[in-house]
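Enquirer: My questions all concern the structure below.
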Amino acid sequence: MSRPGSSPDEKGVSQNGDPGGHRPVFTNTLNAAVSPETRLLSAFARDTQARKVDLAGREYYSEEGRPFELRLVGKIKQQLSTDPTLHPEYPSSLGLREFTRKATEVALGKHSRAIVENRVLGVQTPGFTAAVRLGAELLRCWYDPSACWCGPVYLSSPCDDSLTGIFQAAGIQEIPSAHYPTGADLSQSQWAVITRLITRRRLFPFLLLPTQALCCGDMERDAWPVQHCASLGMELLCAQSFSHCFGLYGEAVGHLLCVLKQNSVLLPVRSQADKIVRSLWARPSVGGAHVVTTVLSNSAHLVEWQGEVKHIVERCMLIRAILREKMRLLGTPGRWDHLTQQGGLFCCTGLNGEQVEFLSNRRRVYLLPGGCLNVSAINCRNLDYIAESIHLALTSSL
Amino acid sequence: NIFKVPQAAPVAVFKLTQDFNNDQFPNKVNLGVGAYRTDEGQPWVLPVVKKVEKIIVHDDRLNHEYLPILGLPEFRSSASKIVLGDNSPAILENRVGAVQCLGGTGALKIGAEFLRRFYNGSNNTKTPIYVSAPTWENHNAVFSSAGFEDVRPYRYWDAEKRGLDLAGFLGDLESCPEHSVFVLHACAHNPTGTDPTQEQWKQIAEVMMRRKLFAFFDSAYQGFASGSLEKDAWAVRYFVSSGFEMFCAQSFSKNFGLYNERVGNLTVVARDADNLKRVLSQMEKVVRITWSNPPSQGARIVTITLTSPELFSEWQENVKTMANRVLLMRSQLKAKLQALGTPGTWDHITDQIGMFSFTGLNPKQVEYLVKEKHIYLMASGRINMCGLTTKNIDYVAESIHEAVTKVQ
């Protein structure tokens with residue numbers, strides 16, 4: 001098989017080997033602007049300093065500094081690989097039924113009125129982003145079609161940089177960012193105020209639950225806001241991820257929960273979700289979902305899993321406490337209570353842009369652009385260096 | 001009440017399976033949905049896949065992080081090599097790249113979203129997208145939901161002569177607007193099972209090159225159609241060697257039996273390395289807001305298989321097993337119909353290739369088969385050859401005979 005230019009032709013292929021002899025197809029494709037996260041990753045990769053520390057990763061890292069697989073998950077994967085009843089069939093576009101049932105239960109609680117009244121739709125998605133995307137598409141298509149609705153959708157500030165893009169891709173144009181207390185999660189009484197406001201002003205809540213169980217160490221407690229909204233009879237969407245709490249990062253295990261006001265609207269919404277899914281990814285992948293379902297459906301596994309999650313959460317809490325203590329001992333200016341008041345995998349330090357840049361450029365400590373860091377990436381080997389670095393960022397004249 | 005939602009129309013092939021499942025008739029046969037079945041009517045985990053799954057599950061060194069947005073690098077390159085050939089000039093010239101996607105659908109989706117943004121101007125949603133008449137019904141949905149306003153059919157199936165309408169196809173290629181996008185089935189056309197010959201592909205390529213049309217291949221059956229990976233990739237490779245810049249959406253659902261792990265690859269053949277880099281950078285942005293990071297399991301299985309000579313041979317054997325069973329069912333069905341003296345010619349059953357056959361049965365005859373004989377097939381007359389087994393083939397042949405002789 002030869003390339004044009006090396007054979008006689010009447011096609012007008014130019015002799016310099018220009019394929020097709022016509023204007024190339026993708027000339028107006030610009031190099032995409034590099035996302036802040038990618039820029040960070042490449043900067044970190046290029047950094048030759050031995051002391052460099054990456055606090056911007058998204059996974060939970062063990063004390064040894066590697067992404068952590070739960071022991072139980074490893075065992076279950078082995079079990080599943082020898083299970084003769086698992087067939088390589090196409091799953092339904094909405095995913096494994098057992099999985100969506102369990103995922104719905106962990107978000108709403110088994111005895112949720114919404115579940116009992118059969119007005120909840122659960123859709124398994126290939127990961128958290130996919131769940132948000134599906135929710136955005138559903139909202140845009142079916143949120144009062146008479147009004148040709150295309151926004152506004154309010155996102156917290158800060159939030160993951162991909163969220164705006166996801167809603168835009170779904171056709172929503174108005175995406176202002178709303179004020180949100182930096183880093184801190186809301187207390188129950190704060191949520192009560194918010195939900196009252198949402199109800200009164202007829203706003204629609206789209207809740208994001210990417211790291212359930214990693215905040216308080218308890219699935220139920222971390223899902224409290226969702227359960228509270230549902231118990232008030234609200235309609236809502238909730239995007240869930242099981243990547244973090246199961247260490248299944250590579251497996252894309254997500255879930256979109258839709259709580260509707262009436263059962264009568266369940267089938268139509270399900271059929272629309274089905275239609276949207278078919279043109280996005282057709283069906284989700286099953287591997288990770290099988291693991292999650294197996295654990296959540298078996299009380300012995302549940303206990304073991306909760307133990308491992310508790311260990312993760314306690315380690316994160318410990319790191320926060322130790323870091324706060326180090327800052328106090330160093331006499332670092334400012335208050336550091338927020339380190340231990342916040343929960344979960346990530347921590348918003350409150351450092352400004354200049355200070356964050358100082359950390360990466362001068363100390364080789366890489367934070368996320370908003371000043372957030374991944375608590376689990378801190379370990380006994382880099383703790384002192386990190387604490388000193390933060391101290392310097394705040395005390396050196398910049 | 002936020003959601004005021006009309007019910008969406010059900011997808012025909014899944015409704016068919018549902019009806020089949022609800023049917024109590026003991027000898028019912030499902031010739032609808034497109035997945036491989038053994039002679040016992042069971043789904044089949046390829047032996048090589050079982051082997052590789054064990055390897056994976058016992059590998060302590062495996063990294064459990066999120067996959068890169070574009071997917072597992074070794075998967076992308078080995079998957080592209082499989083369709084383009086190890087020694088593809090385009091690969092050697094560093095102008096081939098790929099995106100790991102959620103199955104073939106995901107690959108079509110990312111390609112469509114990219115084209116809508118960057119092909120034929122920017123955000124040119126008016127560029128016509130041509131899909132074959134008939135085609136896999138999801139093609140329409142994927143391209144329209146990506147924003148293309150003009151998805152149209154190109155002539156393909158000639159119902160009269162039960163074969164390719166080459167004149168019509170070439171006619172549409174000559175008369176369509178320049179820069180139109182054509183979705184081409186790389187092999188084992190779904191649903192007709194009718195592929196252009198090599199000579200016919202050459203003619204198609206000539207017109208497409210001359211009229212600056214964009215080739216978007218859909219390759220879901222490589223290896224599965226003829227039993228030979230090279231043979232089934234001939235059209236794609238010919239287009240590449242002719243100098244096209246093009247996309248190929250690959251699915252490993254069928255040839256690896258990995259239906260539920262969603263293993264797909266969008267191969268991009270660009271003009272040069274620089275162009276390729278730009279294209280991939282933009283595709284990465286599209287992926288980031290769709291599923292962000294693809295799942296690893298299926299991609300790992302495929303990669304390990306393709307990159308180990310022993311496992312690769314074993315896989316080729318497994319694929320041949322599936323392809324051969326289909327070929328056997330084709331020849332047996334044709335033989336039985338001929339033996340029964342069923343009116344009409346039945347050569348198309350063995351002329352056609354791949355999982356599907358367009359029987360030529362009309363809607364009334366199809367209805368007869370479904371309602372009276374409990375044999376489930378698509379209204380178009382499409383049957384899945386994998387639904388045939390040595391146990392049911394006599395019943396099916398007799399029923400077709402009945403339908404053709406009783407129902408006009």
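Naming works like this for the structure tokens: A, B, ... for the chains as they're shown, residue 1 at the start of each chain, ligands 1 onward in shown order.
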So which residues of range 109-331 of chain B fall under strand (DSSP E or B) by DSSP, listed as an mmCIF file with N, CA, C and O atoms, in the first residue's frame?
Expert:
data_model
loop_
_atom_site.group_PDB
_atom_site.id
_atom_site.type_symbol
_atom_site.label_atom_id
_atom_site.label_comp_id
_atom_site.auth_asym_id
_atom_site.auth_seq_id
_atom_site.Cartn_x
_atom_site.Cartn_y
_atom_site.Cartn_z
ATOM 1 N N ILE B 129 -23.975 14.986 8.156
ATOM 2 C CA ILE B 129 -23.406 13.713 8.583
ATOM 3 C C ILE B 129 -24.187 12.627 7.854
ATOM 4 O O ILE B 129 -25.406 12.526 8.006
ATOM 5 N N TYR B 130 -23.499 11.832 7.073
ATOM 6 C CA TYR B 130 -24.169 10.778 6.324
ATOM 7 C C TYR B 130 -23.979 9.432 7.015
ATOM 8 O O TYR B 130 -22.856 9.037 7.321
ATOM 9 N N VAL B 131 -25.104 8.757 7.232
ATOM 10 C CA VAL B 131 -25.042 7.399 7.775
ATOM 11 C C VAL B 131 -25.730 6.482 6.774
ATOM 12 O O VAL B 131 -26.651 6.905 6.068
ATOM 13 N N SER B 132 -25.301 5.223 6.707
ATOM 14 C CA SER B 132 -25.835 4.334 5.673
ATOM 15 C C SER B 132 -27.320 4.063 5.898
ATOM 16 O O SER B 132 -27.825 4.135 7.016
ATOM 17 N N ALA B 133 -28.010 3.758 4.790
ATOM 18 C CA ALA B 133 -29.424 3.382 4.889
ATOM 19 C C ALA B 133 -29.502 1.896 4.590
ATOM 20 O O ALA B 133 -29.350 1.492 3.440
ATOM 21 N N VAL B 151 -28.351 15.096 9.952
ATOM 22 C CA VAL B 151 -27.880 13.718 9.852
ATOM 23 C C VAL B 151 -28.742 13.034 8.798
ATOM 24 O O VAL B 151 -29.950 12.933 8.962
ATOM 25 N N ARG B 152 -28.120 12.600 7.687
ATOM 26 C CA ARG B 152 -28.906 12.054 6.590
ATOM 27 C C ARG B 152 -28.425 10.672 6.168
ATOM 28 O O ARG B 152 -27.296 10.318 6.414
ATOM 29 N N PRO B 153 -29.301 9.943 5.453
ATOM 30 C CA PRO B 153 -28.908 8.612 4.988
ATOM 31 C C PRO B 153 -28.159 8.686 3.659
ATOM 32 O O PRO B 153 -28.433 9.557 2.830
ATOM 33 N N TYR B 154 -27.212 7.759 3.438
ATOM 34 C CA TYR B 154 -26.691 7.565 2.087
ATOM 35 C C TYR B 154 -27.141 6.189 1.631
ATOM 36 O O TYR B 154 -27.288 5.269 2.435
ATOM 37 N N ARG B 155 -27.411 6.096 0.337
ATOM 38 C CA ARG B 155 -27.940 4.839 -0.198
ATOM 39 C C ARG B 155 -26.913 3.733 0.022
ATOM 40 O O ARG B 155 -25.720 3.921 -0.198
ATOM 41 N N TRP B 157 -28.248 -0.178 0.972
ATOM 42 C CA TRP B 157 -28.830 -1.515 0.805
ATOM 43 C C TRP B 157 -29.858 -1.497 -0.311
ATOM 44 O O TRP B 157 -30.770 -0.686 -0.321
ATOM 45 N N ASP B 158 -29.657 -2.409 -1.246
ATOM 46 C CA ASP B 158 -30.617 -2.582 -2.334
ATOM 47 C C ASP B 158 -31.532 -3.750 -1.979
ATOM 48 O O ASP B 158 -31.135 -4.904 -2.050
ATOM 49 N N GLY B 163 -28.479 -6.714 -1.976
ATOM 50 C CA GLY B 163 -27.040 -6.512 -1.976
ATOM 51 C C GLY B 163 -26.728 -5.036 -1.883
ATOM 52 O O GLY B 163 -27.605 -4.206 -1.607
ATOM 53 N N LEU B 164 -25.465 -4.700 -2.117
ATOM 54 C CA LEU B 164 -25.024 -3.314 -1.991
ATOM 55 C C LEU B 164 -25.518 -2.488 -3.172
ATOM 56 O O LEU B 164 -25.394 -2.901 -4.329
ATOM 57 N N VAL B 181 -19.467 14.533 6.232
ATOM 58 C CA VAL B 181 -18.873 13.431 6.982
ATOM 59 C C VAL B 181 -19.623 12.157 6.651
ATOM 60 O O VAL B 181 -20.848 12.143 6.649
ATOM 61 N N PHE B 182 -18.884 11.087 6.355
ATOM 62 C CA PHE B 182 -19.521 9.799 6.077
ATOM 63 C C PHE B 182 -19.131 8.783 7.138
ATOM 64 O O PHE B 182 -17.936 8.572 7.387
ATOM 65 N N VAL B 183 -20.145 8.184 7.769
ATOM 66 C CA VAL B 183 -19.891 7.127 8.746
ATOM 67 C C VAL B 183 -19.864 5.807 7.983
ATOM 68 O O VAL B 183 -20.863 5.391 7.398
ATOM 69 N N LEU B 184 -18.677 5.181 7.970
ATOM 70 C CA LEU B 184 -18.473 3.956 7.189
ATOM 71 C C LEU B 184 -18.298 2.764 8.109
ATOM 72 O O LEU B 184 -17.577 2.847 9.098
ATOM 73 N N HIS B 185 -18.927 1.641 7.777
ATOM 74 C CA HIS B 185 -18.741 0.433 8.577
ATOM 75 C C HIS B 185 -17.498 -0.274 8.061
ATOM 76 O O HIS B 185 -17.457 -0.686 6.888
ATOM 77 N N PHE B 214 -15.150 13.511 4.659
ATOM 78 C CA PHE B 214 -14.450 13.009 5.834
ATOM 79 C C PHE B 214 -14.876 11.582 6.138
ATOM 80 O O PHE B 214 -16.068 11.287 6.220
ATOM 81 N N ALA B 215 -13.887 10.706 6.303
ATOM 82 C CA ALA B 215 -14.169 9.301 6.580
ATOM 83 C C ALA B 215 -14.137 9.038 8.080
ATOM 84 O O ALA B 215 -13.112 9.230 8.723
ATOM 85 N N PHE B 216 -15.256 8.585 8.638
ATOM 86 C CA PHE B 216 -15.336 8.226 10.058
ATOM 87 C C PHE B 216 -15.734 6.761 10.090
ATOM 88 O O PHE B 216 -16.886 6.410 9.896
ATOM 89 N N PHE B 217 -14.746 5.903 10.302
ATOM 90 C CA PHE B 217 -15.010 4.464 10.307
ATOM 91 C C PHE B 217 -15.558 4.007 11.658
ATOM 92 O O PHE B 217 -15.139 4.480 12.711
ATOM 93 N N ASP B 218 -16.468 3.044 11.588
ATOM 94 C CA ASP B 218 -16.971 2.402 12.800
ATOM 95 C C ASP B 218 -16.537 0.939 12.704
ATOM 96 O O ASP B 218 -17.007 0.217 11.829
ATOM 97 N N SER B 219 -15.594 0.529 13.550
ATOM 98 C CA SER B 219 -15.061 -0.832 13.473
ATOM 99 C C SER B 219 -15.417 -1.603 14.735
ATOM 100 O O SER B 219 -14.697 -1.534 15.725
ATOM 101 N N MET B 246 -8.431 10.871 9.097
ATOM 102 C CA MET B 246 -9.707 10.236 9.391
ATOM 103 C C MET B 246 -9.782 9.729 10.826
ATOM 104 O O MET B 246 -8.789 9.760 11.541
ATOM 105 N N PHE B 247 -10.979 9.314 11.214
ATOM 106 C CA PHE B 247 -11.178 8.699 12.525
ATOM 107 C C PHE B 247 -11.621 7.256 12.350
ATOM 108 O O PHE B 247 -12.286 6.936 11.362
ATOM 109 N N CYS B 248 -11.276 6.426 13.333
ATOM 110 C CA CYS B 248 -11.834 5.079 13.360
ATOM 111 C C CYS B 248 -12.258 4.768 14.790
ATOM 112 O O CYS B 248 -11.424 4.724 15.695
ATOM 113 N N ALA B 249 -13.560 4.578 14.982
ATOM 114 C CA ALA B 249 -14.082 4.224 16.301
ATOM 115 C C ALA B 249 -14.029 2.708 16.429
ATOM 116 O O ALA B 249 -14.656 2.002 15.653
ATOM 117 N N GLN B 250 -13.231 2.219 17.396
ATOM 118 C CA GLN B 250 -13.104 0.776 17.558
ATOM 119 C C GLN B 250 -13.829 0.296 18.811
ATOM 120 O O GLN B 250 -13.798 0.960 19.838
ATOM 121 N N SER B 251 -14.436 -0.874 18.687
ATOM 122 C CA SER B 251 -15.056 -1.491 19.857
ATOM 123 C C SER B 251 -14.421 -2.845 20.081
ATOM 124 O O SER B 251 -14.175 -3.580 19.122
ATOM 125 N N VAL B 263 -14.992 -1.248 26.427
ATOM 126 C CA VAL B 263 -13.642 -1.017 25.914
ATOM 127 C C VAL B 263 -13.693 -0.525 24.484
ATOM 128 O O VAL B 263 -14.038 -1.267 23.571
ATOM 129 N N GLY B 264 -13.359 0.737 24.299
ATOM 130 C CA GLY B 264 -13.366 1.288 22.953
ATOM 131 C C GLY B 264 -12.138 2.163 22.751
ATOM 132 O O GLY B 264 -11.461 2.555 23.701
ATOM 133 N N ASN B 265 -11.867 2.473 21.505
ATOM 134 C CA ASN B 265 -10.708 3.304 21.178
ATOM 135 C C ASN B 265 -11.033 4.161 19.970
ATOM 136 O O ASN B 265 -11.533 3.642 18.976
ATOM 137 N N LEU B 266 -10.776 5.456 20.082
ATOM 138 C CA LEU B 266 -10.960 6.309 18.914
ATOM 139 C C LEU B 266 -9.580 6.554 18.314
ATOM 140 O O LEU B 266 -8.760 7.256 18.893
ATOM 141 N N THR B 267 -9.322 5.926 17.165
ATOM 142 C CA THR B 267 -8.030 6.116 16.502
ATOM 143 C C THR B 267 -8.118 7.343 15.609
ATOM 144 O O THR B 267 -9.078 7.498 14.849
ATOM 145 N N VAL B 268 -7.114 8.199 15.725
ATOM 146 C CA VAL B 268 -7.073 9.438 14.948
ATOM 147 C C VAL B 268 -5.880 9.387 14.011
ATOM 148 O O VAL B 268 -4.747 9.211 14.457
ATOM 149 N N VAL B 269 -6.130 9.521 12.715
ATOM 150 C CA VAL B 269 -5.022 9.605 11.756
ATOM 151 C C VAL B 269 -4.971 11.051 11.288
ATOM 152 O O VAL B 269 -5.904 11.538 10.637
#
Enquirer: Extract, using only C-alpha atoms, all DNA, RNA and protein residues at most 12 Å from Leu186 in chain A, discarding same-chain residues fewer than 4 positions from it, and format them as a ChimeraX atom specification.
Expert: /A:180-182,190-195,222,224-225,341-343
Enquirer: Hey, what's within 10 Å of Ala321 in chain A if we count only C-alpha atoms and toss same-chain stuff fewer than 2 positions away? As a compact mmCIF listing (two decimals) with all heavy atoms, in the first residue's frame, please?
Expert:
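Dumped to result_38.txt:
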# COMPACT_ATOMS: atom_id res chain seq x y z
N ARG A 315 -6.56 8.57 59.82
CA ARG A 315 -5.23 9.03 59.41
C ARG A 315 -5.29 10.46 58.91
O ARG A 315 -4.46 11.29 59.25
CB ARG A 315 -4.65 8.09 58.34
CG ARG A 315 -3.30 8.55 57.86
CD ARG A 315 -2.54 7.53 57.04
NE ARG A 315 -1.42 8.23 56.41
CZ ARG A 315 -1.46 8.76 55.20
NH1 ARG A 315 -2.54 8.64 54.46
NH2 ARG A 315 -0.42 9.42 54.72
N CYS A 316 -6.31 10.75 58.09
CA CYS A 316 -6.45 12.14 57.59
C CYS A 316 -6.64 13.11 58.74
O CYS A 316 -6.05 14.19 58.76
CB CYS A 316 -7.65 12.25 56.63
SG CYS A 316 -7.35 11.49 55.03
N MET A 317 -7.46 12.72 59.71
CA MET A 317 -7.71 13.61 60.85
C MET A 317 -6.43 13.83 61.64
O MET A 317 -6.12 14.92 62.09
CB MET A 317 -8.79 13.02 61.75
CG MET A 317 -10.18 13.13 61.15
SD MET A 317 -11.41 12.12 62.01
CE MET A 317 -11.82 13.15 63.36
N LEU A 318 -5.67 12.76 61.77
CA LEU A 318 -4.42 12.83 62.51
C LEU A 318 -3.45 13.78 61.82
O LEU A 318 -2.82 14.63 62.45
CB LEU A 318 -3.81 11.43 62.61
CG LEU A 318 -2.60 11.30 63.52
CD1 LEU A 318 -2.99 11.68 64.94
CD2 LEU A 318 -2.06 9.87 63.47
N ILE A 319 -3.35 13.62 60.51
CA ILE A 319 -2.45 14.49 59.75
C ILE A 319 -2.85 15.95 59.92
O ILE A 319 -2.01 16.83 60.13
CB ILE A 319 -2.46 14.12 58.25
CG1 ILE A 319 -1.85 12.73 58.07
CG2 ILE A 319 -1.71 15.15 57.43
CD1 ILE A 319 -2.00 12.17 56.67
N LEU A 323 -0.45 18.66 61.59
CA LEU A 323 -0.06 19.83 60.80
C LEU A 323 -0.40 21.12 61.54
O LEU A 323 0.40 22.05 61.63
CB LEU A 323 -0.74 19.80 59.42
CG LEU A 323 -0.34 20.93 58.47
CD1 LEU A 323 1.14 20.85 58.13
CD2 LEU A 323 -1.17 20.88 57.18
N ARG A 324 -1.60 21.12 62.10
CA ARG A 324 -2.02 22.32 62.86
C ARG A 324 -1.08 22.57 64.02
O ARG A 324 -0.68 23.70 64.30
CB ARG A 324 -3.44 22.12 63.34
CG ARG A 324 -3.92 23.23 64.21
CD ARG A 324 -5.42 23.16 64.40
NE ARG A 324 -5.77 23.89 65.61
CZ ARG A 324 -6.49 23.41 66.60
NH1 ARG A 324 -6.95 22.18 66.52
NH2 ARG A 324 -6.74 24.13 67.65
N GLU A 325 -0.70 21.48 64.67
CA GLU A 325 0.21 21.59 65.82
C GLU A 325 1.56 22.14 65.39
O GLU A 325 2.15 23.00 66.03
CB GLU A 325 0.35 20.21 66.46
CG GLU A 325 1.18 20.16 67.73
CD GLU A 325 0.63 21.03 68.84
OE1 GLU A 325 -0.53 21.50 68.73
OE2 GLU A 325 1.36 21.28 69.80
N LYS A 326 2.06 21.64 64.24
CA LYS A 326 3.33 22.13 63.71
C LYS A 326 3.28 23.62 63.43
O LYS A 326 4.22 24.36 63.72
CB LYS A 326 3.69 21.40 62.40
CG LYS A 326 4.05 19.96 62.54
CD LYS A 326 5.52 19.79 62.86
CE LYS A 326 5.83 18.33 63.15
NZ LYS A 326 7.14 18.14 63.71
N MET A 327 2.15 24.06 62.86
CA MET A 327 2.02 25.48 62.54
C MET A 327 2.06 26.29 63.84
O MET A 327 2.66 27.37 63.90
CB MET A 327 0.70 25.77 61.80
CG MET A 327 0.40 24.88 60.62
SD MET A 327 1.67 24.87 59.35
CE MET A 327 1.58 26.52 58.82
N TRP A 336 -5.30 28.51 62.49
CA TRP A 336 -5.25 27.24 61.75
C TRP A 336 -6.30 26.25 62.21
O TRP A 336 -6.23 25.07 61.90
CB TRP A 336 -3.83 26.65 61.83
CG TRP A 336 -2.89 27.57 61.15
CD1 TRP A 336 -2.12 28.53 61.74
CD2 TRP A 336 -2.70 27.71 59.75
NE1 TRP A 336 -1.45 29.26 60.79
CE2 TRP A 336 -1.78 28.77 59.55
CE3 TRP A 336 -3.21 27.03 58.63
CZ2 TRP A 336 -1.37 29.17 58.29
CZ3 TRP A 336 -2.79 27.43 57.37
CH2 TRP A 336 -1.88 28.49 57.21
N ASP A 337 -7.29 26.76 62.93
CA ASP A 337 -8.35 25.88 63.40
C ASP A 337 -9.08 25.22 62.24
O ASP A 337 -9.56 24.10 62.36
CB ASP A 337 -9.38 26.68 64.21
CG ASP A 337 -8.77 27.24 65.47
OD1 ASP A 337 -7.79 26.61 65.97
OD2 ASP A 337 -9.23 28.28 65.95
N LEU A 339 -8.02 23.86 59.80
CA LEU A 339 -7.41 22.60 59.38
C LEU A 339 -8.12 21.41 60.01
O LEU A 339 -8.36 20.40 59.36
CB LEU A 339 -5.94 22.55 59.80
CG LEU A 339 -4.94 23.30 58.93
CD1 LEU A 339 -3.52 23.08 59.47
CD2 LEU A 339 -5.00 22.81 57.49
N THR A 340 -8.45 21.55 61.28
CA THR A 340 -9.10 20.43 61.96
C THR A 340 -10.62 20.54 61.96
O THR A 340 -11.31 19.57 62.23
CB THR A 340 -8.61 20.29 63.42
OG1 THR A 340 -8.60 21.59 64.00
CG2 THR A 340 -7.20 19.72 63.45
N GLN A 341 -11.13 21.71 61.63
CA GLN A 341 -12.58 21.83 61.56
C GLN A 341 -13.12 21.24 60.27
O GLN A 341 -14.24 20.74 60.21
CB GLN A 341 -13.01 23.29 61.68
CG GLN A 341 -13.09 23.76 63.10
CD GLN A 341 -13.09 25.27 63.19
OE1 GLN A 341 -13.02 25.96 62.17
NE2 GLN A 341 -13.18 25.78 64.39
Enquirer: Smallest atom-to-atom distance to chain B: which of A:Ala300, A:Leu359, A:Val265, A:Leu121, using only C-alpha atoms?
Expert: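 Distance minimum relative to chain B lands on A:Val265.
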Enquirer: Just the residues within 12 Å of Arg101 in chain A, please, counting only C-alpha atoms, with nothing from its chain fewer than 6 positions along; format it as a ChimeraX atom specification.
Expert: /A:94-95,107-110,115,118,120-124,255-257,289,292-293,296-297
Enquirer: For Gly298 in chain B, which residue out of A:Ser189, A:Leu351, A:Arg335, A:Ala252 is the nearest one, using only C-alpha atoms?
Expert: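 Result for the nearest residue to Gly298 in chain B: A:Ala252.
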Enquirer: Nearest to chain B: which of A:Ser271, A:Gln188, A:Ser389, A:Gln240 is it, counting only C-alpha atoms?
Expert: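 Among A:Ser271, A:Gln188, A:Ser389, A:Gln240, it is A:Ser271 that comes nearest to chain B.
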Enquirer: Could you find all residues in range 49-209 of chain A that DSSP calls alpha helix (DSSP H) from the backbone, and write them as an MDAnalysis selection string?
Expert: chainID A and resid 71:81 97:108 113:116 128:142 162:169 188:200
Enquirer: For each of A:Leu345, A:Leu208, A:Ala230, A:Ala282, take the minimum atom-to-atom distance to Leu55 in chain A, counting only C-alpha atoms, then give the residue where this is smallest.
Expert: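 Closest to Leu55 in chain A, using only C-alpha atoms: A:Leu345.
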Enquirer: Write out as a list of chain:residue names each polymer residue whose atoms come within 9 Å of Pro10 in chain B, counting only C-alpha atoms; drop sequence neighbours fewer than 4 positions from it.
Expert: A:Ser271, A:Lys275, B:Phe14, B:Lys15
Enquirer: At a cut-off of 12 Å, using only C-alpha atoms, what residues contact Asn382 in chain A? Leave out same-chain residues fewer than 6 positions from it and give the result as an MDAnalysis selection string.
Expert: chainID A and resid 50:55 63:65 319 323 364:365 375:376 388:389
Enquirer: So, with only C-alpha atoms as the atoms that count, which of B:Lys28, B:Lys371, B:Arg37, B:Lys334 lies closest to Asn384 in chain B?
Expert: B:Arg37
Enquirer: Rounded to one decimal, what separation in Å do you get between CA of Asn260 in chain B and CA of Leu134 in chain A?
Expert: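 If I compute the distance from CA of Asn260 in chain B to CA of Leu134 in chain A, I get 19.4 Å.
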Enquirer: What does the structure give for the distance between CA of Val207 in chain B and CA of Leu170 in chain B, in Å to one decimal?
Expert: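 Pair CA of Val207 in chain B / CA of Leu170 in chain B returns 7.5 Å.
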Enquirer: For Arg66 in chain A, which residue among B:Asp19, B:Glu65, B:Glu74, B:Glu53 is the nearest when counting only C-alpha atoms?
Expert: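 Looking only at the distances to Arg66 in chain A, the closest residue turns out to be B:Glu65.
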Enquirer: Mind giving me the straight-line distance from CA of Gly307 in chain A to CA of Ser112 in chain A in Å, one decimal?
Expert: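 Calculated distance between CA of Gly307 in chain A and CA of Ser112 in chain A is 25.3 Å.
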